[in-house]
Structure formats: structure tokens, C-alpha cells
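**Q** Quick one: the structure is below, and I'll ask about it shortly.
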Amino acid sequence: AVEAPASARQSGMALMLDDGTRKSHSMAENTAFVTGFFKGIATKSSFSNLVAGLYFVYKAMEESFDSTEDADVKALDYNALRRLTALEQDMEYYFGADWRNTVHPSAATRKYVDRIKEVAATEPTLLIAHQYTRYLGDLFGGQMMGGMATRTLGLEEGKGISFYNFPDISDNKLFIEEWYSALNNIALTDEQKAAIVDEANLVFAYNIELFSELDGNPIQSMFALAWSTLKEKLGGQ
């Protein structure tokens, strides 16, 4: 029998990131987080606050990707992953047409956004950690969580969950394999690789803080579930 080619995530920078953030994954995936989510997304209000936080985070991320001259970040910036337009649609759904003037970032969101801007200005290669930590979890957890939000909160079908839909990606697993391959093809020094892993762990912490700020609601498990789903789909541990 012909052996299937090894997954890109089993070597190189992809493996370093997966292994180097394993403790963060485990912390985010503890039973309280996951069980809490399955008990139901608390309220439409708390969910809309999560959407707002993610809007400001992705605005900072994607503006940084647009403005950076770092070729490595550009190589991993797939248009199909971009979330800002989808989040703008969701923001209008939850907060109305004047949302740009009425919604402001929370304290945890501002801290997260400030870090993105700092990295973009001083060490843009670290933006790779932000791409890895957010987009991969979003992609694999999105369909499940969008459906759960619709059912639990009684949302209009297809409304308020644009963030979780990736219409330009037909096969999530193949796409992530391509992304990991592109990551492995980037020439990084050992120091850069270690710094990216450190940054990814920091990004996990920022995300957990973002969700924890929502009055301790079960929504905080959403990020953990996304990563749990990603690893399950890819056959990882």
C-alpha cells in the first residue's frame, strides 16, 4: 500500500507551534470551559459583546496585515481567511446601523489590540502567531459554533454569525494543510521561531482574558472548542 504523505503539521514551524502552545490549548480546553459552553450561550447580549471584541481585534490584525511590509506575514495572509467584512455585518445585526459610533472596545479588548499594534510596529514577524492562533481555530470551530449560537440564542437563520462562515474555503482540512505548508516554507531563524511560539501563547492568554471578561459566561469556552475541534479534525493530540 502506498503511504499517505505526512501532514505539514508534523514537521517544521507548524509542529513547533502546535507543540509549543500545547499547554495553552490544555488550559483553554479544561472541562469547565467546554462543559460551560454546552450548557448554552448565556445571552444574546453577552454574545454580541463577544462579537464586538472580536471586531476590534480583527480590525487591528487585518489593518496590520495590510500595512506591513513583512513578506512572511503576507505569505500567510489569505484573503479567504479575512474576517473584518463579516464582523461588520454581524455588528450591524446586533448593534444597529450606527454601531460604529456607539460601540467601544472593552478593557481586555484594548489590551489585546494594543499588543497587535505594538507587534506590527516593532516586530511584525510575530503577527504570524496572531494569524495562527485566531484564524485556524475560527476556521475549524466556526460551523459548529455558528450553528450552536443560532439555536441557543434563537437568532434568525444565517443572521449574526457571518464571522463563522468561510464561503471561499470549500475544504477546511485541505486549506489548513496548505496554510501549514506555507508556514513551513518560510525561512525563519531559531530565535524568530521561538519568539513566534511565545507570542502565540500570549495570544491564547489574551483570548481567554477577552472571554473571561464577559461576566464569566460560558462563551469563554468558544475559543477552546474551536481549537479542540481543529486538533480533532486534523487527527492531532
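Here, A, B, ... name the chains of the C-alpha cells in the order displayed, residue numbers run from 1 inside each chain, and ligands are numbered from 1 in the same displayed order.
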Between segment 50-123 of chain A and segment 169-184 of chain A, at 12 Å or less, what are the per-residue closest atom pairs and their distances in Å? Count only C-alpha atoms, order by chain and rising residue number, and return it as a tab-separated table.
**A**
```
residue	atom	partner	partner_atom	distance
A:Ala71	CA	A:Leu183	CA	11.8
A:Asp72	CA	A:Leu183	CA	8.3
A:Val73	CA	A:Leu183	CA	9.4
A:Lys74	CA	A:Ala182	CA	10.8
A:Ala75	CA	A:Ala182	CA	7.2
A:Leu76	CA	A:Ala182	CA	6.8
A:Asp77	CA	A:Trp179	CA	9.3
A:Tyr78	CA	A:Trp179	CA	8.7
A:Asn79	CA	A:Ile169	CA	10.2
A:Ala80	CA	A:Ile169	CA	6.6
A:Leu81	CA	A:Ile169	CA	8.3
A:Arg82	CA	A:Ile169	CA	11.3
```
**Q** Taking into account only C-alpha atoms, which residue in the set A:Arg110, A:Arg115, A:Arg83, A:Lys44 is nearest to Ala149 of chain A?
**A**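 Among the listed residues, the smallest separation from Ala149 of chain A belongs to A:Lys44.
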**Q** Would you please extract all helix (DSSP H, G or I) residues from chain A, as assigned by DSSP on the backbone, and give them as number ranges by chain?
**A** A: 8-10, 12-20, 22-28, 31-38, 44-67, 71-75, 79-81, 84-95, 99-102, 107-122, 124-153, 162-164, 172-184, 190-212, 218-234
**Q** Have a look at A:Ser24, A:Ser7, A:Gln131, A:Ser46 and name the one nearest to Glu62 of chain A; count only C-alpha atoms.
**A**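 Using only C-alpha atoms, Glu62 of chain A sits closest to A:Gln131.
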**Q** Which residues come within 10 Å of Phe95 of chain A, counting only C-alpha atoms, excluding same-chain residues fewer than 4 positions away, as a list in words?
**A**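 The filter keeps Ser45, Ser48, Asn49, Ala52, Asp90, Met91, Trp99, Arg100, Thr102 and Val103 of chain A.
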**Q** How would the residues just chosen look if you wrote them out with N, CA and C atoms as an mmCIF file, in the first residue's frame?
**A**
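Output file result_9.cif is given in full below:
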```cif
data_model
loop_
_atom_site.group_PDB
_atom_site.id
_atom_site.type_symbol
_atom_site.label_atom_id
_atom_site.label_comp_id
_atom_site.auth_asym_id
_atom_site.auth_seq_id
_atom_site.Cartn_x
_atom_site.Cartn_y
_atom_site.Cartn_z
ATOM 1 N N SER A 45 -27.008 39.284 24.582
ATOM 2 C CA SER A 45 -26.206 40.450 24.938
ATOM 3 C C SER A 45 -24.738 40.077 25.115
ATOM 4 N N SER A 48 -23.216 39.234 21.780
ATOM 5 C CA SER A 48 -22.950 40.428 20.965
ATOM 6 C C SER A 48 -21.709 41.158 21.464
ATOM 7 N N ASN A 49 -21.460 41.123 22.775
ATOM 8 C CA ASN A 49 -20.244 41.747 23.307
ATOM 9 C C ASN A 49 -19.002 40.992 22.852
ATOM 10 N N ALA A 52 -18.352 42.066 19.363
ATOM 11 C CA ALA A 52 -17.749 43.398 19.360
ATOM 12 C C ALA A 52 -16.250 43.309 19.664
ATOM 13 N N ASP A 90 -22.096 41.427 11.190
ATOM 14 C CA ASP A 90 -22.611 40.975 12.483
ATOM 15 C C ASP A 90 -22.795 42.146 13.448
ATOM 16 N N MET A 91 -21.896 43.098 13.420
ATOM 17 C CA MET A 91 -22.020 44.258 14.293
ATOM 18 C C MET A 91 -23.297 45.037 14.000
ATOM 19 N N TRP A 99 -23.664 51.486 14.723
ATOM 20 C CA TRP A 99 -22.785 50.792 15.664
ATOM 21 C C TRP A 99 -21.377 51.370 15.733
ATOM 22 N N ARG A 100 -20.891 51.940 14.641
ATOM 23 C CA ARG A 100 -19.524 52.486 14.658
ATOM 24 C C ARG A 100 -19.383 53.641 15.655
ATOM 25 N N THR A 102 -21.420 53.893 18.453
ATOM 26 C CA THR A 102 -21.970 53.558 19.765
ATOM 27 C C THR A 102 -21.230 52.439 20.496
ATOM 28 N N VAL A 103 -20.441 51.649 19.781
ATOM 29 C CA VAL A 103 -19.770 50.501 20.397
ATOM 30 C C VAL A 103 -18.283 50.800 20.550
#
```
**Q** May I ask for the distance between atom CA of Ser67 of chain A and atom CA of Gly20 of chain A, given in Å to one decimal place?
**A** 28.2 Å
**Q** Here is a test: counting only C-alpha atoms, which residue of A:Ala86, A:Leu188, A:Ala8, A:Ile116 is nearest to Tyr206 of chain A?
**A**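 Looking only at the distances to Tyr206 of chain A, the closest residue turns out to be A:Ile116.
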**Q** List the neighbours of Asp70 of chain A out to 12 Å using only C-alpha atoms; skip same-chain residues closer than 3 positions along the sequence, and give me the result as a PDB file with all heavy atoms, in the first residue's frame.
**A**
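Everything below was put into around29.pdb:
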```pdb
ATOM      1  N   SER A  64      -3.123  45.665  10.203  1.00  0.00           N
ATOM      2  CA  SER A  64      -1.674  45.418  10.315  1.00  0.00           C
ATOM      3  C   SER A  64      -1.175  44.582   9.146  1.00  0.00           C
ATOM      4  O   SER A  64      -0.080  44.829   8.621  1.00  0.00           O
ATOM      5  CB  SER A  64      -1.368  44.708  11.633  1.00  0.00           C
ATOM      6  OG  SER A  64      -1.670  45.530  12.739  1.00  0.00           O
ATOM      7  N   PHE A  65      -1.964  43.603   8.724  1.00  0.00           N
ATOM      8  CA  PHE A  65      -1.564  42.783   7.580  1.00  0.00           C
ATOM      9  C   PHE A  65      -1.519  43.622   6.297  1.00  0.00           C
ATOM     10  O   PHE A  65      -0.669  43.403   5.438  1.00  0.00           O
ATOM     11  CB  PHE A  65      -2.537  41.616   7.377  1.00  0.00           C
ATOM     12  CG  PHE A  65      -2.689  40.710   8.580  1.00  0.00           C
ATOM     13  CD1 PHE A  65      -3.827  39.942   8.742  1.00  0.00           C
ATOM     14  CD2 PHE A  65      -1.696  40.625   9.536  1.00  0.00           C
ATOM     15  CE1 PHE A  65      -3.976  39.110   9.843  1.00  0.00           C
ATOM     16  CE2 PHE A  65      -1.827  39.794  10.648  1.00  0.00           C
ATOM     17  CZ  PHE A  65      -2.980  39.035  10.799  1.00  0.00           C
ATOM     18  N   ASP A  66      -2.438  44.571   6.194  1.00  0.00           N
ATOM     19  CA  ASP A  66      -2.459  45.442   5.019  1.00  0.00           C
ATOM     20  C   ASP A  66      -1.243  46.362   4.980  1.00  0.00           C
ATOM     21  O   ASP A  66      -0.692  46.630   3.905  1.00  0.00           O
ATOM     22  CB  ASP A  66      -3.735  46.297   5.014  1.00  0.00           C
ATOM     23  CG  ASP A  66      -4.973  45.512   4.638  1.00  0.00           C
ATOM     24  OD1 ASP A  66      -4.837  44.452   3.994  1.00  0.00           O
ATOM     25  OD2 ASP A  66      -6.083  45.942   5.002  1.00  0.00           O
ATOM     26  N   SER A  67      -0.852  46.857   6.133  1.00  0.00           N
ATOM     27  CA  SER A  67       0.191  47.885   6.169  1.00  0.00           C
ATOM     28  C   SER A  67       1.606  47.317   6.287  1.00  0.00           C
ATOM     29  O   SER A  67       2.573  47.995   5.944  1.00  0.00           O
ATOM     30  CB  SER A  67      -0.053  48.843   7.342  1.00  0.00           C
ATOM     31  OG  SER A  67      -0.010  48.156   8.576  1.00  0.00           O
ATOM     32  N   VAL A  73       4.577  37.460   6.730  1.00  0.00           N
ATOM     33  CA  VAL A  73       3.185  37.685   7.134  1.00  0.00           C
ATOM     34  C   VAL A  73       2.289  37.723   5.899  1.00  0.00           C
ATOM     35  O   VAL A  73       1.203  37.124   5.880  1.00  0.00           O
ATOM     36  CB  VAL A  73       3.058  38.994   7.938  1.00  0.00           C
ATOM     37  CG1 VAL A  73       1.599  39.314   8.229  1.00  0.00           C
ATOM     38  CG2 VAL A  73       3.856  38.888   9.242  1.00  0.00           C
ATOM     39  N   LYS A  74       2.743  38.388   4.866  1.00  0.00           N
ATOM     40  CA  LYS A  74       1.970  38.471   3.624  1.00  0.00           C
ATOM     41  C   LYS A  74       1.712  37.085   3.038  1.00  0.00           C
ATOM     42  O   LYS A  74       0.636  36.793   2.508  1.00  0.00           O
ATOM     43  CB  LYS A  74       2.713  39.328   2.595  1.00  0.00           C
ATOM     44  CG  LYS A  74       2.864  40.795   2.953  1.00  0.00           C
ATOM     45  CD  LYS A  74       1.563  41.553   2.799  1.00  0.00           C
ATOM     46  CE  LYS A  74       1.782  43.064   2.855  1.00  0.00           C
ATOM     47  NZ  LYS A  74       0.501  43.814   2.866  1.00  0.00           N
ATOM     48  N   ALA A  75       2.721  36.199   3.141  1.00  0.00           N
ATOM     49  CA  ALA A  75       2.607  34.865   2.559  1.00  0.00           C
ATOM     50  C   ALA A  75       1.513  34.037   3.228  1.00  0.00           C
ATOM     51  O   ALA A  75       0.955  33.117   2.619  1.00  0.00           O
ATOM     52  CB  ALA A  75       3.941  34.135   2.669  1.00  0.00           C
ATOM     53  N   LEU A  76       1.200  34.360   4.479  1.00  0.00           N
ATOM     54  CA  LEU A  76       0.188  33.605   5.224  1.00  0.00           C
ATOM     55  C   LEU A  76      -1.152  34.332   5.316  1.00  0.00           C
ATOM     56  O   LEU A  76      -2.089  33.832   5.932  1.00  0.00           O
ATOM     57  CB  LEU A  76       0.706  33.327   6.638  1.00  0.00           C
ATOM     58  CG  LEU A  76       1.974  32.460   6.709  1.00  0.00           C
ATOM     59  CD1 LEU A  76       2.495  32.412   8.137  1.00  0.00           C
ATOM     60  CD2 LEU A  76       1.712  31.060   6.182  1.00  0.00           C
ATOM     61  N   ASP A  77      -1.222  35.488   4.687  1.00  0.00           N
ATOM     62  CA  ASP A  77      -2.431  36.318   4.751  1.00  0.00           C
ATOM     63  C   ASP A  77      -3.342  35.988   3.564  1.00  0.00           C
ATOM     64  O   ASP A  77      -3.336  36.683   2.550  1.00  0.00           O
ATOM     65  CB  ASP A  77      -2.041  37.800   4.754  1.00  0.00           C
ATOM     66  CG  ASP A  77      -3.252  38.715   4.777  1.00  0.00           C
ATOM     67  OD1 ASP A  77      -4.314  38.295   5.275  1.00  0.00           O
ATOM     68  OD2 ASP A  77      -3.129  39.861   4.278  1.00  0.00           O
ATOM     69  N   VAL A 119       3.241  44.884  18.147  1.00  0.00           N
ATOM     70  CA  VAL A 119       3.973  43.880  17.369  1.00  0.00           C
ATOM     71  C   VAL A 119       4.126  44.326  15.917  1.00  0.00           C
ATOM     72  O   VAL A 119       5.193  44.201  15.319  1.00  0.00           O
ATOM     73  CB  VAL A 119       3.238  42.523  17.456  1.00  0.00           C
ATOM     74  CG1 VAL A 119       3.696  41.578  16.366  1.00  0.00           C
ATOM     75  CG2 VAL A 119       3.457  41.895  18.827  1.00  0.00           C
ATOM     76  N   ALA A 120       3.044  44.846  15.345  1.00  0.00           N
ATOM     77  CA  ALA A 120       3.081  45.285  13.950  1.00  0.00           C
ATOM     78  C   ALA A 120       4.129  46.372  13.743  1.00  0.00           C
ATOM     79  O   ALA A 120       4.795  46.421  12.704  1.00  0.00           O
ATOM     80  CB  ALA A 120       1.710  45.787  13.526  1.00  0.00           C
ATOM     81  N   ALA A 121       4.295  47.215  14.745  1.00  0.00           N
ATOM     82  CA  ALA A 121       5.226  48.338  14.616  1.00  0.00           C
ATOM     83  C   ALA A 121       6.667  47.960  14.905  1.00  0.00           C
ATOM     84  O   ALA A 121       7.594  48.541  14.337  1.00  0.00           O
ATOM     85  CB  ALA A 121       4.798  49.458  15.566  1.00  0.00           C
ATOM     86  N   THR A 122       6.878  46.982  15.789  1.00  0.00           N
ATOM     87  CA  THR A 122       8.228  46.705  16.266  1.00  0.00           C
ATOM     88  C   THR A 122       8.810  45.375  15.796  1.00  0.00           C
ATOM     89  O   THR A 122      10.016  45.264  15.600  1.00  0.00           O
ATOM     90  CB  THR A 122       8.269  46.719  17.803  1.00  0.00           C
ATOM     91  OG1 THR A 122       7.407  45.679  18.313  1.00  0.00           O
ATOM     92  CG2 THR A 122       7.803  48.073  18.338  1.00  0.00           C
ATOM     93  N   GLU A 123       7.978  44.362  15.632  1.00  0.00           N
ATOM     94  CA  GLU A 123       8.475  43.038  15.255  1.00  0.00           C
ATOM     95  C   GLU A 123       7.383  42.301  14.462  1.00  0.00           C
ATOM     96  O   GLU A 123       6.775  41.344  14.943  1.00  0.00           O
ATOM     97  CB  GLU A 123       8.870  42.235  16.497  1.00  0.00           C
ATOM     98  CG  GLU A 123       9.797  41.080  16.194  1.00  0.00           C
ATOM     99  CD  GLU A 123      10.394  40.473  17.457  1.00  0.00           C
ATOM    100  OE1 GLU A 123      10.196  41.027  18.563  1.00  0.00           O
ATOM    101  OE2 GLU A 123      11.050  39.414  17.326  1.00  0.00           O
ATOM    102  N   PRO A 124       7.111  42.766  13.239  1.00  0.00           N
ATOM    103  CA  PRO A 124       5.938  42.286  12.503  1.00  0.00           C
ATOM    104  C   PRO A 124       5.900  40.784  12.239  1.00  0.00           C
ATOM    105  O   PRO A 124       4.803  40.231  12.057  1.00  0.00           O
ATOM    106  CB  PRO A 124       5.994  43.079  11.193  1.00  0.00           C
ATOM    107  CG  PRO A 124       7.387  43.614  11.100  1.00  0.00           C
ATOM    108  CD  PRO A 124       7.837  43.812  12.502  1.00  0.00           C
ATOM    109  N   THR A 125       7.047  40.112  12.239  1.00  0.00           N
ATOM    110  CA  THR A 125       7.034  38.664  12.033  1.00  0.00           C
ATOM    111  C   THR A 125       6.181  37.958  13.096  1.00  0.00           C
ATOM    112  O   THR A 125       5.598  36.900  12.841  1.00  0.00           O
ATOM    113  CB  THR A 125       8.465  38.095  12.048  1.00  0.00           C
ATOM    114  OG1 THR A 125       9.219  38.735  11.027  1.00  0.00           O
ATOM    115  CG2 THR A 125       8.476  36.596  11.794  1.00  0.00           C
ATOM    116  N   LEU A 126       6.073  38.565  14.270  1.00  0.00           N
ATOM    117  CA  LEU A 126       5.265  37.968  15.340  1.00  0.00           C
ATOM    118  C   LEU A 126       3.773  37.983  15.020  1.00  0.00           C
ATOM    119  O   LEU A 126       2.999  37.290  15.680  1.00  0.00           O
ATOM    120  CB  LEU A 126       5.515  38.698  16.665  1.00  0.00           C
ATOM    121  CG  LEU A 126       6.925  38.593  17.246  1.00  0.00           C
ATOM    122  CD1 LEU A 126       6.997  39.293  18.599  1.00  0.00           C
ATOM    123  CD2 LEU A 126       7.364  37.138  17.386  1.00  0.00           C
ATOM    124  N   LEU A 127       3.380  38.727  14.011  1.00  0.00           N
ATOM    125  CA  LEU A 127       1.973  38.686  13.583  1.00  0.00           C
ATOM    126  C   LEU A 127       1.583  37.285  13.118  1.00  0.00           C
ATOM    127  O   LEU A 127       0.403  36.929  13.118  1.00  0.00           O
ATOM    128  CB  LEU A 127       1.719  39.698  12.457  1.00  0.00           C
ATOM    129  CG  LEU A 127       1.749  41.179  12.864  1.00  0.00           C
ATOM    130  CD1 LEU A 127       1.709  42.055  11.610  1.00  0.00           C
ATOM    131  CD2 LEU A 127       0.579  41.516  13.787  1.00  0.00           C
ATOM    132  N   ILE A 128       2.566  36.484  12.731  1.00  0.00           N
ATOM    133  CA  ILE A 128       2.290  35.091  12.343  1.00  0.00           C
ATOM    134  C   ILE A 128       1.608  34.355  13.494  1.00  0.00           C
ATOM    135  O   ILE A 128       0.708  33.537  13.278  1.00  0.00           O
ATOM    136  CB  ILE A 128       3.591  34.381  11.934  1.00  0.00           C
ATOM    137  CG1 ILE A 128       4.121  34.963  10.617  1.00  0.00           C
ATOM    138  CG2 ILE A 128       3.382  32.872  11.811  1.00  0.00           C
ATOM    139  CD1 ILE A 128       5.506  34.465  10.239  1.00  0.00           C
ATOM    140  N   ILE A 186       8.529  29.158   5.110  1.00  0.00           N
ATOM    141  CA  ILE A 186       9.108  30.458   5.461  1.00  0.00           C
ATOM    142  C   ILE A 186      10.451  30.251   6.157  1.00  0.00           C
ATOM    143  O   ILE A 186      10.582  29.417   7.042  1.00  0.00           O
ATOM    144  CB  ILE A 186       8.144  31.242   6.381  1.00  0.00           C
ATOM    145  CG1 ILE A 186       6.874  31.634   5.606  1.00  0.00           C
ATOM    146  CG2 ILE A 186       8.824  32.484   6.944  1.00  0.00           C
ATOM    147  CD1 ILE A 186       5.802  32.247   6.474  1.00  0.00           C
TER     148      ILE A 186
END
```
**Q** For atom CA of Ala194 of chain A and atom CA of Thr133 of chain A, determine how far apart the two atoms are, in Å to one decimal place.
**A**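 Calculated distance between atom CA of Ala194 of chain A and atom CA of Thr133 of chain A is 15.1 Å.
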